[in-house]
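Structure file structure_1.tsv; described as TSV, C-alpha atoms.
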```
chain	number	residue	atom	x	y	z
A	1	MET	CA	131.80	109.72	161.28
A	2	PRO	CA	135.24	109.02	159.78
A	3	GLN	CA	135.07	108.03	156.17
A	4	GLU	CA	136.90	104.76	156.83
A	5	GLU	CA	134.03	103.50	159.03
A	6	PHE	CA	131.50	103.89	156.21
A	7	PHE	CA	132.86	100.72	154.61
A	8	LEU	CA	133.51	98.96	157.91
A	9	ASP	CA	131.11	96.11	157.26
A	10	SER	CA	132.25	95.53	153.69
A	11	PRO	CA	134.38	92.49	152.97
A	12	ALA	CA	137.92	93.18	151.96
A	13	GLY	CA	138.28	94.18	148.34
A	14	GLN	CA	134.53	94.68	147.81
A	15	LEU	CA	134.94	98.41	147.18
A	16	LYS	CA	137.37	97.72	144.37
A	17	ASP	CA	135.03	95.07	143.00
A	18	ASP	CA	132.11	97.51	143.12
A	19	VAL	CA	134.11	100.15	141.29
A	20	LYS	CA	135.17	97.61	138.68
A	21	GLU	CA	131.57	96.42	138.32
A	22	THR	CA	130.34	100.00	137.86
A	23	LYS	CA	132.96	100.66	135.20
A	24	GLY	CA	132.14	97.34	133.57
A	25	ARG	CA	128.46	98.24	133.43
A	26	ARG	CA	129.31	101.59	131.88
A	27	ARG	CA	131.48	99.92	129.25
A	28	LEU	CA	128.74	97.37	128.60
A	29	GLY	CA	126.22	100.18	128.25
A	30	ILE	CA	128.47	101.96	125.76
A	31	ILE	CA	128.96	98.72	123.81
A	32	VAL	CA	125.22	97.96	123.78
A	33	THR	CA	124.44	101.53	122.71
A	34	GLY	CA	127.04	101.30	119.95
A	35	VAL	CA	125.70	97.96	118.74
A	36	LEU	CA	122.12	99.24	118.81
A	37	GLY	CA	123.11	102.41	116.98
A	38	GLY	CA	125.01	100.38	114.41
A	39	SER	CA	122.01	98.09	113.95
A	40	LEU	CA	119.72	101.07	113.37
A	41	VAL	CA	122.14	102.50	110.83
A	42	ALA	CA	122.36	99.11	109.12
A	43	LEU	CA	118.57	98.78	109.16
A	44	TYR	CA	118.21	102.23	107.60
A	45	ALA	CA	120.85	101.38	105.00
A	46	VAL	CA	118.86	98.27	104.02
A	47	ALA	CA	115.39	99.82	104.21
A	48	ALA	CA	116.11	103.24	102.69
A	49	PRO	CA	116.68	102.02	99.13
A	50	PHE	CA	113.34	100.21	99.25
A	51	VAL	CA	111.36	103.16	100.59
A	52	SER	CA	113.13	106.37	99.54
A	53	PRO	CA	112.76	106.14	95.74
A	54	ALA	CA	109.05	105.60	96.11
A	55	LEU	CA	108.79	108.56	98.47
A	56	ARG	CA	110.61	110.80	96.02
A	57	LYS	CA	108.51	109.81	92.99
A	58	ILE	CA	104.98	109.07	94.09
A	59	CYS	CA	104.95	110.35	97.70
A	60	LEU	CA	103.93	106.96	99.08
A	61	PRO	CA	106.13	104.39	100.86
A	62	PHE	CA	106.23	100.81	99.69
A	63	VAL	CA	103.50	98.81	101.41
A	64	PRO	CA	103.65	95.07	100.63
A	65	ALA	CA	100.54	93.16	99.68
A	66	THR	CA	99.04	91.24	102.58
A	67	THR	CA	98.55	87.49	102.46
A	68	ALA	CA	94.78	88.05	102.27
A	69	GLN	CA	95.21	90.43	99.35
A	70	VAL	CA	97.34	87.94	97.42
A	71	ASP	CA	94.75	85.23	98.11
A	72	ASN	CA	91.95	87.52	96.91
A	73	VAL	CA	93.76	88.21	93.64
A	74	LEU	CA	94.34	84.51	93.02
A	75	THR	CA	90.74	83.73	93.95
A	76	VAL	CA	89.23	86.11	91.39
A	77	LEU	CA	91.60	84.70	88.75
A	78	ARG	CA	91.17	81.03	89.64
A	79	ALA	CA	89.26	80.20	86.45
A	80	ARG	CA	91.81	81.91	84.21
A	81	SER	CA	95.29	81.13	82.91
A	82	GLY	CA	97.84	82.66	80.58
A	83	THR	CA	99.57	85.98	81.14
A	84	LEU	CA	99.42	88.18	84.23
A	85	VAL	CA	100.94	91.66	84.50
A	86	ASP	CA	101.29	93.39	87.86
A	87	ILE	CA	101.69	97.18	87.58
A	88	GLY	CA	103.36	98.43	90.74
A	89	SER	CA	104.57	94.95	91.67
A	90	GLY	CA	106.50	95.97	94.80
A	91	ASP	CA	108.50	93.04	96.14
A	92	GLY	CA	106.97	90.70	93.58
A	93	ARG	CA	104.83	88.57	95.86
A	94	ILE	CA	101.71	88.64	93.66
A	95	VAL	CA	103.74	87.90	90.53
A	96	ILE	CA	105.51	85.01	92.23
A	97	ALA	CA	102.28	83.61	93.68
A	98	ALA	CA	100.63	83.79	90.25
A	99	ALA	CA	103.58	82.04	88.62
A	100	LYS	CA	103.19	79.20	91.11
A	101	ARG	CA	99.58	78.89	89.90
A	102	GLY	CA	100.72	78.48	86.31
A	103	PHE	CA	100.61	82.06	85.02
A	104	GLN	CA	103.37	83.61	82.95
A	105	ALA	CA	103.67	86.64	85.18
A	106	SER	CA	105.43	89.99	84.82
A	107	GLY	CA	105.86	92.88	87.25
A	108	PHE	CA	106.48	96.56	86.56
A	109	GLU	CA	107.86	98.61	89.43
A	110	LEU	CA	109.34	102.09	89.81
A	111	ASN	CA	111.80	101.20	92.57
A	112	PRO	CA	114.85	99.41	91.11
A	113	TRP	CA	115.80	97.90	94.48
A	114	LEU	CA	112.42	96.19	94.69
A	115	VAL	CA	112.77	94.95	91.12
A	116	TRP	CA	116.16	93.38	91.85
A	117	TYR	CA	114.85	91.90	95.09
A	118	SER	CA	111.84	90.47	93.23
A	119	ARG	CA	114.12	88.81	90.68
A	120	TYR	CA	116.19	87.27	93.46
A	121	LYS	CA	113.07	86.13	95.31
A	122	ALA	CA	111.63	84.56	92.14
A	123	TRP	CA	114.90	82.70	91.57
A	124	ARG	CA	114.89	81.52	95.17
A	125	GLU	CA	111.27	80.35	94.87
A	126	GLY	CA	112.07	78.48	91.66
A	127	VAL	CA	109.78	80.47	89.36
A	128	HIS	CA	112.33	82.73	87.66
A	129	ARG	CA	111.64	81.10	84.28
A	130	SER	CA	107.96	82.03	84.41
A	131	THR	CA	108.40	85.54	85.82
A	132	SER	CA	109.97	88.79	84.71
A	133	PHE	CA	110.38	92.12	86.47
A	134	HIS	CA	110.93	95.50	84.86
A	135	ILE	CA	111.85	98.96	86.13
A	136	SER	CA	109.08	101.23	84.94
A	137	ASP	CA	107.44	104.44	86.12
A	138	LEU	CA	103.83	104.22	87.26
A	139	TRP	CA	101.16	105.81	85.12
A	140	LYS	CA	98.65	108.21	86.59
A	141	MET	CA	95.33	106.44	87.02
A	142	ASP	CA	93.43	108.26	84.26
A	143	GLN	CA	96.33	107.74	81.83
A	144	LEU	CA	96.51	104.09	82.82
A	145	GLU	CA	92.82	103.64	82.09
A	146	LEU	CA	93.26	104.95	78.55
A	147	LYS	CA	96.40	102.88	77.98
A	148	LEU	CA	94.83	99.63	79.16
A	149	ALA	CA	91.59	100.26	77.27
A	150	SER	CA	93.45	100.89	74.03
A	151	GLU	CA	96.00	98.06	74.29
A	152	LEU	CA	94.37	95.14	76.10
A	153	PRO	CA	92.35	92.51	74.23
A	154	SER	CA	88.64	92.23	74.94
A	155	THR	CA	89.19	88.93	76.76
A	156	ALA	CA	91.42	90.53	79.42
A	157	LYS	CA	90.61	91.05	83.08
A	158	VAL	CA	92.09	93.85	85.19
A	159	VAL	CA	92.39	93.46	88.96
A	160	ALA	CA	93.04	96.56	91.08
A	161	CYS	CA	94.31	96.30	94.66
A	162	ARG	CA	93.65	98.87	97.40
A	163	PHE	CA	92.66	101.64	94.94
A	164	PRO	CA	89.89	101.20	92.33
A	165	PHE	CA	90.03	102.85	88.91
A	166	PRO	CA	88.35	106.26	89.01
A	167	THR	CA	85.82	105.86	86.17
A	168	TRP	CA	85.54	102.12	85.49
A	169	VAL	CA	82.71	100.06	86.95
A	170	PRO	CA	84.00	96.81	88.50
A	171	GLU	CA	82.56	93.49	87.45
A	172	HIS	CA	82.81	92.34	91.06
A	173	THR	CA	84.97	92.74	94.16
A	174	ALA	CA	86.58	90.41	96.69
A	175	GLY	CA	87.79	91.01	100.22
A	176	GLU	CA	87.29	94.07	102.39
A	177	GLY	CA	89.24	97.01	103.76
A	178	ILE	CA	92.83	97.26	102.56
A	179	ASP	CA	92.57	93.73	101.18
A	180	THR	CA	89.80	94.63	98.72
A	181	VAL	CA	90.41	93.85	95.06
A	182	TRP	CA	88.32	95.15	92.16
A	183	VAL	CA	87.85	93.08	88.99
A	184	TYR	CA	87.23	94.82	85.66
A	185	ASP	CA	86.18	93.19	82.40
A	186	ALA	CA	87.95	94.52	79.31
A	187	ARG	CA	84.82	94.44	77.17
A	188	THR	CA	83.07	96.75	79.64
A	189	PHE	CA	85.82	99.30	80.20
A	190	LYS	CA	86.83	99.39	76.53
A	191	ALA	CA	83.21	100.22	75.62
A	192	HIS	CA	83.06	102.77	78.45
A	193	THR	CA	86.25	104.45	77.25
A	194	GLN	CA	85.13	104.44	73.63
A	195	ASN	CA	81.77	105.99	74.54
A	196	GLY	CA	83.52	108.66	76.60
A	197	MET	CA	85.84	109.54	73.73
A	198	THR	CA	82.89	109.64	71.32
A	199	ARG	CA	80.98	112.05	73.57
A	200	ARG	CA	84.02	114.31	73.96
A	201	THR	CA	84.57	114.31	70.19
A	202	ALA	CA	80.91	115.14	69.56
A	203	ALA	CA	80.96	117.91	72.16
A	204	GLY	CA	84.11	119.35	70.61
A	205	HIS	CA	82.52	119.22	67.16
A	206	TRP	CA	79.32	120.96	68.20
A	207	ASN	CA	81.16	123.58	70.20
A	208	THR	CA	83.51	124.45	67.37
A	209	PRO	CA	82.60	127.81	65.79
A	210	ASP	CA	81.75	127.68	62.09
A	211	SER	CA	84.56	129.51	60.32
A	212	HIS	CA	82.36	130.16	57.26
A	213	THR	CA	79.72	132.21	59.06
```
So, in terms of C-alpha cells, how does the structure I just supplied come out?
Amino acid sequence: MPQEEFFLDSPAGQLKDDVKETKGRRRLGIIVTGVLGGSLVALYAVAAPFVSPALRKICLPFVPATTAQVDNVLTVLRARSGTLVDIGSGDGRIVIAAAKRGFQASGFELNPWLVWYSRYKAWREGVHRSTSFHISDLWKMDQLELKLASELPSTAKVVACRFPFPTWVPEHTAGEGIDTVWVYDARTFKAHTQNGMTRRTAAGHWNTPDSHT
C-alpha cells in the first residue's frame, strides 16, 4: 500500500500536529526530569548537613523525637520545675516544649546545623529567652554516667529517651517501644556510682602486691 494512503483518513495537518505533540511531550518529559532532579539535589543539599555530621561522628542518623516521646518526657516531669538539660537535643523539640512548660531549658548537640536550626525554631516559637543550644560532642554512655553522678545535685532527675543507661536502675518508665523514657533519681544513681567506685578501689587495694614482702 502506498505510504500516502496510510494517512488517508487523517484530517489535514494532523500529522504535523502529532509530531509537534510528540516533541512537546519529550520536551515536557525533559523539563519534568530536570525539575525532579533539581529538587532531589536541593533536598539532599538541605538534608545532608543535618544527617551527615551525625553519621560521621556517631554512626547514627538524626532521628527526631516523636510527639508521644515529647509528651512522655513532659509527663514524667510534670511535678517539677527549674532547669532542664537535653543531651543530644537534635532539632530542639524537647527543649522548646519544656520551655513552654516553664523550664529554663538547654540543649547540647553534636551537629551544628541542628543547633542553629534549634535556635531559629526557639526564636520562632517565642521561647528563645528561656532556651539555649550548644554545639557539644556526645559522651559515651559509661562516661556520661560518671559525669552526671559526680556533677548533678541529689535532687536532680535524669530522663533517658530510646536508650536506657547501662548500669543505672530506673525509678520508673513511661511509654513503650521507641517512645519509652526512663526516669532516674540522682540520689539512687549517685549512691550506685559511689558504691561501684568503692568496690573497685577495695579490689585494687587487696589485689596490690605488698612491696615489703
*Using all atoms listed in the file, determine which residues lie at most 9 Å from Ala65 (chain A), disregarding the query and same-chain residues fewer than 2 positions distant; provide the list as a PyMOL selection string.*
chain A and resi 63+67-70+90-91+93-94+161+179
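Of note, CA of Arg101 (chain A) and CA of Glu145 (chain A) are spaced 26.8 Å apart.
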*Can you work out which one of A:Lys147, A:Arg119, A:Arg124, A:Arg129 has the shortest atom-to-atom distance to Thr193 (chain A), counting only C-alpha atoms?*
A:Lys147
*asked:* Using only C-alpha atoms for the distances, tell me which of A:Ser89, A:Ala97, A:Asp71, A:Ser130 is nearest to Asn111 (chain A).
replied: A:Ser89
_Exercise: residues within 12 Å of coordinate (111.2, 88.2, 95.0), counting only C-alpha atoms, as a ChimeraX atom specification_ = /A:64,89-97,99,106-107,113-128,131-133
